[in-house]
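J.: Have a peek at upload19.pdb (PDB, C-alpha atoms).
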ATOM      1  CA  MET F  60      -4.484 -35.120  72.169
ATOM      2  CA  LEU F  61      -1.108 -33.435  71.882
ATOM      3  CA  TRP F  62      -0.528 -34.980  68.483
ATOM      4  CA  LEU F  63      -3.773 -33.494  67.148
ATOM      5  CA  ARG F  64      -2.801 -30.066  68.393
ATOM      6  CA  ARG F  65       0.590 -30.400  66.677
ATOM      7  CA  PHE F  66      -1.116 -31.556  63.524
ATOM      8  CA  PHE F  67      -3.348 -28.479  63.351
ATOM      9  CA  LEU F  68      -0.425 -26.215  64.137
ATOM     10  CA  THR F  69       1.567 -27.819  61.340
ATOM     11  CA  VAL F  70      -1.331 -27.433  58.921
ATOM     12  CA  PHE F  71      -1.803 -23.816  59.981
ATOM     13  CA  PHE F  72       1.918 -23.120  59.623
ATOM     14  CA  LEU F  73       2.040 -24.703  56.186
ATOM     15  CA  SER F  74      -1.081 -22.787  55.156
ATOM     16  CA  MET F  75       0.529 -19.545  56.249
ATOM     17  CA  LEU F  76       3.634 -20.452  54.274
ATOM     18  CA  GLY F  77       1.469 -21.153  51.243
ATOM     19  CA  VAL F  78      -0.343 -17.843  51.584
ATOM     20  CA  ALA F  79       2.952 -16.025  52.022
ATOM     21  CA  ALA F  80       4.357 -17.763  48.951
ATOM     22  CA  MET F  81       1.267 -16.847  46.933
ATOM     23  CA  LEU F  82       1.489 -13.221  48.061
ATOM     24  CA  TRP F  83       5.180 -13.125  47.240
ATOM     25  CA  SER F  84       4.636 -14.681  43.818
ATOM     26  CA  TYR F  85       1.776 -12.267  43.146
ATOM     27  CA  ASN F  86       4.069  -9.364  43.943
ATOM     28  CA  GLN F  87       6.615 -10.786  41.517
ATOM     29  CA  TRP F  88       3.823 -11.175  38.949
ATOM     30  CA  GLN F  89       2.933  -7.490  38.974
ATOM     31  CA  GLU F  90       6.171  -5.796  40.022
ATOM     32  CA  ALA F  91       8.986  -4.600  37.748
ATOM     33  CA  GLY F  92      10.849  -7.343  35.965
ATOM     34  CA  PRO F  93      14.612  -7.841  35.608
ATOM     35  CA  LEU F  94      15.091  -6.253  32.155
ATOM     36  CA  THR F  95      17.476  -3.307  32.399
ATOM     37  CA  GLN F  96      16.796  -2.180  28.811
ATOM     38  CA  ASP F  97      14.259  -2.769  26.063
ATOM     39  CA  LYS F  98      14.551  -6.152  24.416
ATOM     40  CA  THR F  99      12.972  -7.873  21.438
ATOM     41  CA  VAL F 100      12.189 -11.553  21.889
ATOM     42  CA  ILE F 101      10.824 -13.989  19.309
ATOM     43  CA  LEU F 102       8.497 -16.726  20.577
ATOM     44  CA  PRO F 103       8.492 -19.479  17.921
ATOM     45  CA  LYS F 104       5.281 -21.151  16.833
ATOM     46  CA  GLY F 105       4.299 -24.290  18.720
ATOM     47  CA  MET F 106       5.479 -23.157  22.148
ATOM     48  CA  GLY F 107       3.264 -24.078  25.101
ATOM     49  CA  VAL F 108       2.847 -21.938  28.208
ATOM     50  CA  ARG F 109       5.554 -23.861  30.065
ATOM     51  CA  GLU F 110       8.050 -23.360  27.243
ATOM     52  CA  ILE F 111       7.129 -19.679  26.956
ATOM     53  CA  ALA F 112       7.648 -19.183  30.696
ATOM     54  CA  ASP F 113      11.028 -20.908  30.601
ATOM     55  CA  TYR F 114      12.102 -18.923  27.548
ATOM     56  CA  LEU F 115      11.089 -15.578  29.057
ATOM     57  CA  GLN F 116      13.124 -16.387  32.151
ATOM     58  CA  GLN F 117      16.058 -17.447  29.984
ATOM     59  CA  GLU F 118      15.865 -14.156  28.059
ATOM     60  CA  GLY F 119      15.756 -12.172  31.307
ATOM     61  CA  VAL F 120      12.245 -10.815  30.825
ATOM     62  CA  ILE F 121      10.800 -12.353  34.012
ATOM     63  CA  HIS F 122      12.221 -13.449  37.366
ATOM     64  CA  ARG F 123      10.747 -16.944  37.727
ATOM     65  CA  ALA F 124       9.128 -19.168  35.129
ATOM     66  CA  GLU F 125       7.113 -20.972  37.837
ATOM     67  CA  TRP F 126       5.321 -17.830  38.968
ATOM     68  CA  PHE F 127       4.627 -16.764  35.377
ATOM     69  CA  LEU F 128       3.170 -20.211  34.694
ATOM     70  CA  LEU F 129       1.059 -20.141  37.869
ATOM     71  CA  TRP F 130      -0.431 -16.692  37.425
ATOM     72  CA  SER F 131      -0.991 -16.948  33.689
ATOM     73  CA  VAL F 132      -3.092 -20.042  34.465
ATOM     74  CA  LEU F 133      -4.921 -18.387  37.372
ATOM     75  CA  THR F 134      -5.710 -15.341  35.226
ATOM     76  CA  LYS F 135      -6.763 -17.641  32.344
ATOM     77  CA  GLN F 136      -4.260 -16.114  29.910
ATOM     78  CA  HIS F 137      -2.256 -19.303  29.404
ATOM     79  CA  SER F 138      -4.427 -20.576  26.533
ATOM     80  CA  ALA F 139      -4.304 -17.241  24.692
ATOM     81  CA  LEU F 140      -0.515 -16.795  24.524
ATOM     82  CA  LYS F 141       0.539 -16.246  20.913
ATOM     83  CA  ALA F 142       3.786 -16.833  19.055
ATOM     84  CA  GLY F 143       5.511 -13.870  17.476
ATOM     85  CA  GLU F 144       8.032 -11.099  17.922
ATOM     86  CA  TYR F 145       7.583  -8.941  21.020
ATOM     87  CA  ALA F 146       9.357  -5.726  22.020
ATOM     88  CA  PHE F 147       9.431  -5.806  25.813
ATOM     89  CA  PRO F 148      10.227  -2.484  27.514
ATOM     90  CA  ALA F 149      12.735  -2.347  30.353
ATOM     91  CA  GLN F 150      11.394  -3.549  33.706
ATOM     92  CA  ILE F 151       8.150  -4.868  32.233
ATOM     93  CA  SER F 152       6.269  -6.927  34.814
ATOM     94  CA  ALA F 153       5.424 -10.574  34.240
ATOM     95  CA  ARG F 154       1.743  -9.629  34.279
ATOM     96  CA  ASP F 155       2.176  -7.022  31.542
ATOM     97  CA  ALA F 156       4.359  -9.378  29.508
ATOM     98  CA  ALA F 157       1.648 -12.038  29.681
ATOM     99  CA  GLN F 158      -1.001  -9.520  28.631
ATOM    100  CA  MET F 159       1.131  -8.365  25.710
ATOM    101  CA  ILE F 160       1.616 -11.942  24.509
ATOM    102  CA  ALA F 161      -2.021 -12.933  25.066
ATOM    103  CA  GLN F 162      -3.210  -9.898  23.087
ATOM    104  CA  GLY F 163      -0.737 -10.601  20.311
ATOM    105  CA  LYS F 164       0.852  -7.139  20.430
ATOM    106  CA  THR F 165       3.732  -8.148  18.194
ATOM    107  CA  VAL F 166       6.343  -5.945  16.569
ATOM    108  CA  ILE F 167       5.004  -4.482  13.312
ATOM    109  CA  ARG F 168       7.459  -4.758  10.431
ATOM    110  CA  LYS F 169       7.110  -3.339   6.934
ATOM    111  CA  VAL F 170       8.299  -3.933   3.399
ATOM    112  CA  THR F 171       8.065  -1.263   0.698
ATOM    113  CA  VAL F 172       7.621  -2.472  -2.873
ATOM    114  CA  PRO F 173       8.745   0.272  -5.301
ATOM    115  CA  GLU F 174       6.494   1.266  -8.176
ATOM    116  CA  GLY F 175       7.581  -0.255 -11.459
ATOM    117  CA  TYR F 176       9.074  -3.438 -10.026
ATOM    118  CA  SER F 177       8.468  -6.535 -12.120
ATOM    119  CA  ASN F 178       7.186  -9.732 -10.534
ATOM    120  CA  TYR F 179      10.736 -11.097 -10.576
ATOM    121  CA  GLN F 180      12.005  -8.057  -8.655
ATOM    122  CA  VAL F 181       9.135  -8.263  -6.156
ATOM    123  CA  MET F 182       9.847 -11.943  -5.503
ATOM    124  CA  GLU F 183      13.539 -11.209  -4.930
ATOM    125  CA  LEU F 184      12.663  -8.381  -2.544
ATOM    126  CA  LEU F 185      10.329 -10.588  -0.504
ATOM    127  CA  LYS F 186      12.905 -13.389  -0.378
ATOM    128  CA  GLN F 187      15.374 -10.960   1.195
ATOM    129  CA  THR F 188      12.892  -9.418   3.667
ATOM    130  CA  PRO F 189      13.703 -10.537   7.241
ATOM    131  CA  GLY F 190      10.778 -11.867   9.244
ATOM    132  CA  LEU F 191       8.826 -13.342   6.335
ATOM    133  CA  GLU F 192       8.611 -17.103   5.895
ATOM    134  CA  GLY F 193       7.654 -19.662   3.279
ATOM    135  CA  GLU F 194       7.770 -19.993  -0.473
ATOM    136  CA  ILE F 195       5.683 -18.069  -2.991
ATOM    137  CA  ASN F 196       3.371 -19.868  -5.362
ATOM    138  CA  ASN F 197       4.159 -17.781  -8.431
ATOM    139  CA  GLU F 198       3.192 -20.355 -11.035
ATOM    140  CA  VAL F 199      -0.167 -18.661 -11.586
ATOM    141  CA  LEU F 200       1.108 -15.157 -10.893
ATOM    142  CA  ARG F 201       0.737 -12.877 -13.885
ATOM    143  CA  GLU F 202       2.963  -9.903 -14.537
ATOM    144  CA  GLY F 203       1.545  -6.616 -13.317
ATOM    145  CA  GLU F 204      -1.057  -7.889 -10.858
ATOM    146  CA  LEU F 205       0.733  -6.761  -7.685
ATOM    147  CA  LEU F 206       0.174  -3.287  -6.259
ATOM    148  CA  PRO F 207       3.394  -1.531  -5.181
ATOM    149  CA  GLU F 208       2.855  -0.117  -1.684
ATOM    150  CA  THR F 209       4.229  -0.344   1.836
ATOM    151  CA  TYR F 210       2.938  -3.512   3.487
ATOM    152  CA  PHE F 211       2.982  -4.131   7.222
ATOM    153  CA  PHE F 212       3.428  -7.580   8.711
ATOM    154  CA  SER F 213       4.432  -9.478  11.826
ATOM    155  CA  TYR F 214       7.344 -11.846  12.250
ATOM    156  CA  GLY F 215       6.410 -15.263  10.927
ATOM    157  CA  ASP F 216       3.874 -14.038   8.365
ATOM    158  CA  THR F 217       4.329 -15.737   5.010
ATOM    159  CA  ARG F 218       5.562 -14.242   1.774
ATOM    160  CA  ASP F 219       2.559 -15.698   0.016
ATOM    161  CA  GLU F 220       0.257 -13.756   2.369
ATOM    162  CA  ILE F 221       1.949 -10.511   1.314
ATOM    163  CA  VAL F 222       1.607 -11.460  -2.358
ATOM    164  CA  GLN F 223      -2.094 -12.205  -1.958
ATOM    165  CA  ARG F 224      -2.619  -8.841  -0.250
ATOM    166  CA  MET F 225      -0.832  -7.149  -3.146
ATOM    167  CA  ARG F 226      -3.076  -8.936  -5.633
ATOM    168  CA  ARG F 227      -6.247  -7.947  -3.790
ATOM    169  CA  ASP F 228      -5.133  -4.331  -3.503
ATOM    170  CA  LEU F 229      -4.267  -4.184  -7.206
ATOM    171  CA  ARG F 230      -7.656  -5.557  -8.229
ATOM    172  CA  ALA F 231      -9.408  -3.015  -6.026
ATOM    173  CA  ALA F 232      -7.332  -0.092  -7.342
ATOM    174  CA  LEU F 233      -7.769  -1.173 -10.973
ATOM    175  CA  SER F 234     -11.527  -1.660 -10.588
ATOM    176  CA  ASP F 235     -11.894   1.767  -9.000
ATOM    177  CA  ALA F 236      -9.855   3.427 -11.758
ATOM    178  CA  TRP F 237     -11.767   1.628 -14.526
ATOM    179  CA  ASN F 238     -15.067   2.836 -13.111
ATOM    180  CA  LYS F 239     -13.765   6.431 -13.161
ATOM    181  CA  ARG F 240     -12.187   6.310 -16.636
ATOM    182  CA  ALA F 241     -12.603   9.103 -19.155
ATOM    183  CA  ALA F 242     -14.916   8.593 -22.093
ATOM    184  CA  ASN F 243     -13.694   7.299 -25.475
ATOM    185  CA  LEU F 244     -10.423   5.799 -24.314
ATOM    186  CA  PRO F 245      -8.901   3.405 -26.885
ATOM    187  CA  LEU F 246      -8.611   0.770 -24.170
ATOM    188  CA  LYS F 247     -11.037  -2.123 -24.146
ATOM    189  CA  SER F 248     -10.546  -3.569 -20.666
ATOM    190  CA  PRO F 249      -9.006  -3.022 -17.235
ATOM    191  CA  GLU F 250      -6.221  -5.391 -18.328
ATOM    192  CA  GLU F 251      -5.277  -3.033 -21.168
ATOM    193  CA  VAL F 252      -5.283  -0.150 -18.696
ATOM    194  CA  LEU F 253      -2.876  -2.121 -16.531
ATOM    195  CA  THR F 254      -0.582  -2.868 -19.469
ATOM    196  CA  LEU F 255      -0.357   0.767 -20.552
ATOM    197  CA  ALA F 256       0.020   1.918 -16.942
ATOM    198  CA  SER F 257       3.042  -0.364 -16.572
ATOM    199  CA  ILE F 258       4.677   1.341 -19.563
ATOM    200  CA  VAL F 259       3.927   4.792 -18.168
ATOM    201  CA  GLU F 260       5.375   3.705 -14.821
ATOM    202  CA  LYS F 261       8.632   2.585 -16.430
ATOM    203  CA  GLU F 262       8.893   5.685 -18.614
ATOM    204  CA  THR F 263       8.774   8.274 -15.855
ATOM    205  CA  GLY F 264       9.265   8.381 -12.124
ATOM    206  CA  MET F 265       7.883  11.914 -11.937
ATOM    207  CA  LYS F 266       4.318  11.991 -10.657
ATOM    208  CA  GLN F 267       3.503  15.267 -12.386
ATOM    209  CA  GLU F 268       4.472  13.814 -15.790
ATOM    210  CA  ARG F 269       2.445  10.640 -15.738
ATOM    211  CA  THR F 270      -0.812  12.003 -17.174
ATOM    212  CA  ARG F 271       1.187  13.662 -19.954
ATOM    213  CA  VAL F 272       3.174  10.541 -20.814
ATOM    214  CA  ALA F 273      -0.069   8.555 -20.717
ATOM    215  CA  ALA F 274      -1.641  11.087 -23.110
ATOM    216  CA  VAL F 275       1.170  10.583 -25.641
ATOM    217  CA  TYR F 276       0.568   6.832 -25.727
ATOM    218  CA  ILE F 277      -3.214   7.242 -25.811
ATOM    219  CA  ASN F 278      -2.823   9.595 -28.783
ATOM    220  CA  ARG F 279      -0.567   7.099 -30.536
ATOM    221  CA  LEU F 280      -3.039   4.271 -29.972
ATOM    222  CA  ARG F 281      -5.864   6.370 -31.371
ATOM    223  CA  LYS F 282      -3.850   7.152 -34.490
ATOM    224  CA  GLY F 283      -2.569   3.600 -34.962
ATOM    225  CA  MET F 284       1.072   4.598 -34.442
ATOM    226  CA  LEU F 285       3.681   2.305 -32.975
ATOM    227  CA  LEU F 286       4.117   2.977 -29.275
ATOM    228  CA  GLN F 287       7.936   2.799 -29.538
ATOM    229  CA  ALA F 288       8.349   2.412 -25.768
ATOM    230  CA  ASP F 289      11.911   1.504 -24.828
ATOM    231  CA  PRO F 290      10.959  -0.251 -21.539
ATOM    232  CA  THR F 291       8.946  -2.879 -23.419
ATOM    233  CA  ILE F 292      12.097  -4.071 -25.188
ATOM    234  CA  LEU F 293      14.113  -3.991 -21.975
ATOM    235  CA  TYR F 294      11.459  -6.175 -20.376
ATOM    236  CA  ALA F 295      11.741  -8.701 -23.189
ATOM    237  CA  ILE F 296      15.552  -8.720 -23.223
ATOM    238  CA  THR F 297      15.983  -9.031 -19.447
ATOM    239  CA  GLN F 298      12.876 -11.210 -18.890
ATOM    240  CA  GLY F 299      11.685  -8.788 -16.255
ATOM    241  CA  ARG F 300      14.952  -8.615 -14.338
ATOM    242  CA  TYR F 301      15.745  -5.112 -15.647
ATOM    243  CA  ASP F 302      19.438  -5.708 -15.068
ATOM    244  CA  GLN F 303      20.172  -3.783 -18.290
ATOM    245  CA  GLU F 304      19.576  -0.092 -17.629
ATOM    246  CA  ARG F 305      19.750   1.393 -21.110
ATOM    247  CA  LEU F 306      18.488   0.354 -24.507
ATOM    248  CA  LEU F 307      21.119   0.052 -27.228
ATOM    249  CA  TYR F 308      20.444   0.825 -30.879
ATOM    250  CA  LYS F 309      20.872  -2.830 -31.858
ATOM    251  CA  ASP F 310      18.196  -3.771 -29.304
ATOM    252  CA  LEU F 311      15.526  -2.084 -31.427
ATOM    253  CA  ALA F 312      15.645  -5.117 -33.737
ATOM    254  CA  PHE F 313      15.098  -7.589 -30.883
ATOM    255  CA  ASN F 314      12.403  -9.987 -32.058
ATOM    256  CA  SER F 315       9.683 -10.155 -29.419
ATOM    257  CA  PRO F 316       5.969  -9.372 -29.275
ATOM    258  CA  TYR F 317       7.007  -6.926 -26.534
ATOM    259  CA  ASN F 318       9.016  -4.898 -29.044
ATOM    260  CA  THR F 319       6.706  -1.943 -29.567
ATOM    261  CA  TYR F 320       9.070  -0.587 -32.232
ATOM    262  CA  LYS F 321       8.158  -3.594 -34.413
ATOM    263  CA  TYR F 322       4.642  -4.593 -33.359
ATOM    264  CA  PRO F 323       1.647  -2.256 -33.175
ATOM    265  CA  GLY F 324      -0.630  -1.847 -30.190
ATOM    266  CA  LEU F 325       0.012  -2.848 -26.613
ATOM    267  CA  PRO F 326       2.419  -5.642 -25.636
ATOM    268  CA  PRO F 327       0.882  -8.997 -24.624
ATOM    269  CA  THR F 328       1.040  -8.285 -20.870
ATOM    270  CA  PRO F 329       2.123  -5.557 -18.477
ATOM    271  CA  ILE F 330       5.884  -5.132 -18.216
ATOM    272  CA  ALA F 331       5.923  -4.231 -14.510
ATOM    273  CA  ASN F 332       3.670  -3.536 -11.566
ATOM    274  CA  PRO F 333       2.361   0.031 -11.822
ATOM    275  CA  GLY F 334       1.314   2.138  -8.864
ATOM    276  CA  LYS F 335      -2.025   3.872  -8.400
ATOM    277  CA  ASP F 336      -0.775   7.146  -9.887
ATOM    278  CA  ALA F 337       0.207   5.505 -13.170
ATOM    279  CA  ILE F 338      -3.083   3.596 -13.362
ATOM    280  CA  ASN F 339      -5.105   6.737 -12.704
ATOM    281  CA  ALA F 340      -3.028   8.662 -15.243
ATOM    282  CA  VAL F 341      -3.931   6.176 -17.968
ATOM    283  CA  VAL F 342      -7.690   6.288 -17.326
ATOM    284  CA  ASN F 343      -7.661  10.093 -17.112
ATOM    285  CA  PRO F 344      -4.806  11.326 -19.321
ATOM    286  CA  LEU F 345      -3.972  14.954 -19.926
ATOM    287  CA  ALA F 346      -5.800  16.582 -22.837
ATOM    288  CA  THR F 347      -2.983  17.180 -25.321
ATOM    289  CA  GLU F 348      -2.089  16.716 -28.991
ATOM    290  CA  GLU F 349       1.444  15.549 -28.237
ATOM    291  CA  TYR F 350       2.791  12.357 -29.817
ATOM    292  CA  TYR F 351       6.436  12.379 -28.773
ATOM    293  CA  PHE F 352       8.708  12.826 -25.781
ATOM    294  CA  VAL F 353      12.384  12.448 -24.998
ATOM    295  CA  ALA F 354      14.457  12.703 -21.830
ATOM    296  CA  ASP F 355      15.641  16.182 -20.898
ATOM    297  CA  GLY F 356      18.674  15.049 -18.886
ATOM    298  CA  SER F 357      17.302  16.077 -15.514
ATOM    299  CA  GLY F 358      14.947  13.160 -14.895
ATOM    300  CA  GLY F 359      12.042  14.629 -16.807
ATOM    301  CA  HIS F 360      11.028  14.774 -20.469
ATOM    302  CA  VAL F 361      10.489  17.253 -23.291
ATOM    303  CA  PHE F 362       7.250  16.749 -25.230
ATOM    304  CA  ALA F 363       6.414  17.515 -28.843
ATOM    305  CA  LYS F 364       3.404  17.544 -31.149
ATOM    306  CA  THR F 365       5.274  16.996 -34.407
ATOM    307  CA  LEU F 366       8.100  14.716 -35.512
ATOM    308  CA  GLU F 367      10.112  17.736 -36.638
ATOM    309  CA  GLU F 368       9.894  19.292 -33.191
ATOM    310  CA  HIS F 369      10.680  15.947 -31.591
ATOM    311  CA  ASN F 370      13.812  15.506 -33.733
ATOM    312  CA  ARG F 371      15.084  18.875 -32.545
ATOM    313  CA  ASN F 372      14.490  17.802 -28.948
ATOM    314  CA  VAL F 373      16.330  14.523 -29.556
ATOM    315  CA  ALA F 374      19.270  16.396 -31.096
ATOM    316  CA  ALA F 375      19.389  18.719 -28.076
ATOM    317  CA  TYR F 376      19.359  15.744 -25.718
ATOM    318  CA  ARG F 377      22.180  13.996 -27.586
ATOM    319  CA  GLN F 378      24.243  17.171 -27.511
ATOM    320  CA  TRP F 379      23.657  17.316 -23.742
ATOM    321  CA  GLN F 380      24.792  13.691 -23.440
ATOM    322  CA  ARG F 381      28.008  14.469 -25.367
ATOM    323  CA  SER F 382      28.666  17.465 -23.139
ATOM    324  CA  GLN F 383      28.394  15.231 -20.081
ATOM    325  CA  THR F 384      30.933  12.835 -21.581
ATOM    326  CA  THR F 385      33.445  15.462 -22.738
ATOM    327  CA  GLY F 386      32.850  17.911 -19.901
ATOM    328  CA  GLN F 387      32.181  20.751 -22.357
TER     329      GLN F 387
END
For the structure just supplied, provide its representation as structure tokens.
T.:
Amino acid sequence: MLWLRRFFLTVFFLSMLGVAAMLWSYNQWQEAGPLTQDKTVILPKGMGVREIADYLQQEGVIHRAEWFLLWSVLTKQHSALKAGEYAFPAQISARDAAQMIAQGKTVIRKVTVPEGYSNYQVMELLKQTPGLEGEINNEVLREGELLPETYFFSYGDTRDEIVQRMRRDLRAALSDAWNKRAANLPLKSPEEVLTLASIVEKETGMKQERTRVAAVYINRLRKGMLLQADPTILYAITQGRYDQERLLYKDLAFNSPYNTYKYPGLPPTPIANPGKDAINAVVNPLATEEYYFVADGSGGHVFAKTLEEHNRNVAAYRQWQRSQTTGQ
């Protein structure tokens, strides 16, 4: 029966080797990994657990792909591993790396859309934003229906997802503002609020001025005066690109329904995407009898109730412009 005794000894020896290997692999699973410094790794979509394990070993995040594969299966995390961008800290263990990936704790990126950007400018910004993928379906996208904000996303999110979030946020902000609007506004719909808010947004970047600028245009609408808003012509001339910074005198004759020097009332659509402050300024403008304003040379504006007063302000501004050119 010597052979039987040898057989059992062999089985016992192999079992002990297996146990030792399992214990050693478990230690590798939970002990510090080989990373000597923090590292960001992108796991592309479509990777299976085997490919993820191999890639993590290749990137130096874990010691052995085999042990990562084994223990992620034993701990039932293998089916939950998610693609994305992960920031692994130095010496992260294989166990913690697996947990991070299974929980989808990806790097959070952000894109800030400035107030007053047109749809064209927003699309260009999103095209140039690293980490976003896919095309944007802008065929049904109307000017002014995107809310400028800072939007957070993960690597691999689509540009169209960001656009849809911007649309939802704009609708919510506009609905809230419309419900809180002042009485007797000469604006018939939330869409008209949005159009006027886009003009206010392009006229001033100063938050404290927006309700006052809005009041000037509200007063003009009430009186049936032309709005005479320079940004509306710039929008028409540049087709929303705004690659021309200043309006020239000859541009005042530009034939377009957006030319508020020629056509009364609001332009056909918004001319940009206004922020919440501009929208709220339009629905609750400052109580004032002012009908005019002109730049003051320092980023703000000087306001006037009468045309005579306004002409003096314009003359003062032009004199300031000449002094900047001549240095006197």
J.: Do you know which residues are at most 9 Å from Ser138 (chain F) counting all atoms listed in the file, after dropping those on the same chain fewer than 6 positions away, and could you put them as a VMD selection string?
T.: chain F and resid 107 to 108 131 to 132 161
J.: Evaluated on this file, the PyMOL selection byres ((chain F and resi 268) around 10) picks out some residues - which ones are they, written as a PDB file with C-alpha atoms, in the coordinates of the input?
T.:
ATOM      1  CA  VAL F 259       3.927   4.792 -18.168  1.00  0.00           C
ATOM      2  CA  GLU F 262       8.893   5.685 -18.614  1.00  0.00           C
ATOM      3  CA  THR F 263       8.774   8.274 -15.855  1.00  0.00           C
ATOM      4  CA  GLY F 264       9.265   8.381 -12.124  1.00  0.00           C
ATOM      5  CA  MET F 265       7.883  11.914 -11.937  1.00  0.00           C
ATOM      6  CA  LYS F 266       4.318  11.991 -10.657  1.00  0.00           C
ATOM      7  CA  GLN F 267       3.503  15.267 -12.386  1.00  0.00           C
ATOM      8  CA  ARG F 269       2.445  10.640 -15.738  1.00  0.00           C
ATOM      9  CA  THR F 270      -0.812  12.003 -17.174  1.00  0.00           C
ATOM     10  CA  ARG F 271       1.187  13.662 -19.954  1.00  0.00           C
ATOM     11  CA  VAL F 272       3.174  10.541 -20.814  1.00  0.00           C
ATOM     12  CA  ALA F 273      -0.069   8.555 -20.717  1.00  0.00           C
ATOM     13  CA  ALA F 274      -1.641  11.087 -23.110  1.00  0.00           C
ATOM     14  CA  ALA F 337       0.207   5.505 -13.170  1.00  0.00           C
ATOM     15  CA  ALA F 340      -3.028   8.662 -15.243  1.00  0.00           C
ATOM     16  CA  LEU F 345      -3.972  14.954 -19.926  1.00  0.00           C
ATOM     17  CA  GLY F 359      12.042  14.629 -16.807  1.00  0.00           C
ATOM     18  CA  HIS F 360      11.028  14.774 -20.469  1.00  0.00           C
TER      19      HIS F 360
END
J.: Assuming the chain letters and numbering stay as they are in my file, what does the PyMOL selection byres ((chain F and resi 200) around 12) actually select? List them as a list in words.
T.: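 Taken on the displayed file, the PyMOL selection byres ((chain F and resi 200) around 12) yields the residues Ser177, Asn178, Tyr179, Val181, Met182, Ile195, Asn196, Asn197, Glu198, Val199, Arg201, Glu202, Gly203, Glu204, Leu205, Asp219, Val222, Gln223, Met225, Arg226 and Asn332 of chain F.
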J.: Restricting the calculation to all atoms listed in the file, which member of F:Glu118, F:Asp310, F:Glu260, F:Glu250 is positioned closest to Pro207 (chain F)?
T.: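 Ranked by minimum distance to Pro207 (chain F), first place goes to F:Glu260.
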J.: Report the residues retrieved by the PyMOL selection byres ((chain F and resi 99) around 9) from the displayed file, expressed as a list in words.
T.: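 Evaluating the PyMOL selection byres ((chain F and resi 99) around 9) on these coordinates yields Asp97, Lys98, Val100, Ile101, Glu144, Tyr145, Ala146, Phe147, Pro148 and Val166 of chain F.
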J.: Compile the contact shell of His122 (chain F) as a VMD selection string: residues with an atom at most 7 Å away, counting only C-alpha atoms, same-chain residues fewer than 4 positions apart removed.
T.: chain F and resid 92 to 93 116
J.: Could you check which of F:Ala242, F:Ile111, F:Val341, F:Ala232 is closest to Val275 (chain F), using only C-alpha atoms?
T.: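 The closest residue to Val275 (chain F) is F:Val341.
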J.: Tell me, as a list in words, which residues lie within 12 Å of Arg224 (chain F), counting only C-alpha atoms; anything in the same chain fewer than 2 positions away does not count.
T.: Glu204, Leu205, Leu206, Pro207, Glu208, Thr209, Tyr210, Phe211, Phe212, Asp216, Thr217, Arg218, Asp219, Glu220, Ile221, Val222, Arg226, Arg227, Asp228, Leu229, Arg230 and Ala231 of chain F
J.: Do you know which residues are at most 10 Å from Tyr317 (chain F) counting only C-alpha atoms, after dropping those on the same chain fewer than 5 positions away, and could you put them as an MDAnalysis selection string?
T.: chainID F and resid 288:296 322:330
J.: Mind pulling up the distance from CA of Phe352 (chain F) to CA of Leu244 (chain F)?
T.: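 Distance between the two atoms: 20.4 Å.
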J.: Which value, in Å to one decimal, gives the distance between CA of Ala157 (chain F) and CA of Glu192 (chain F)?
T.: 25.3 Å
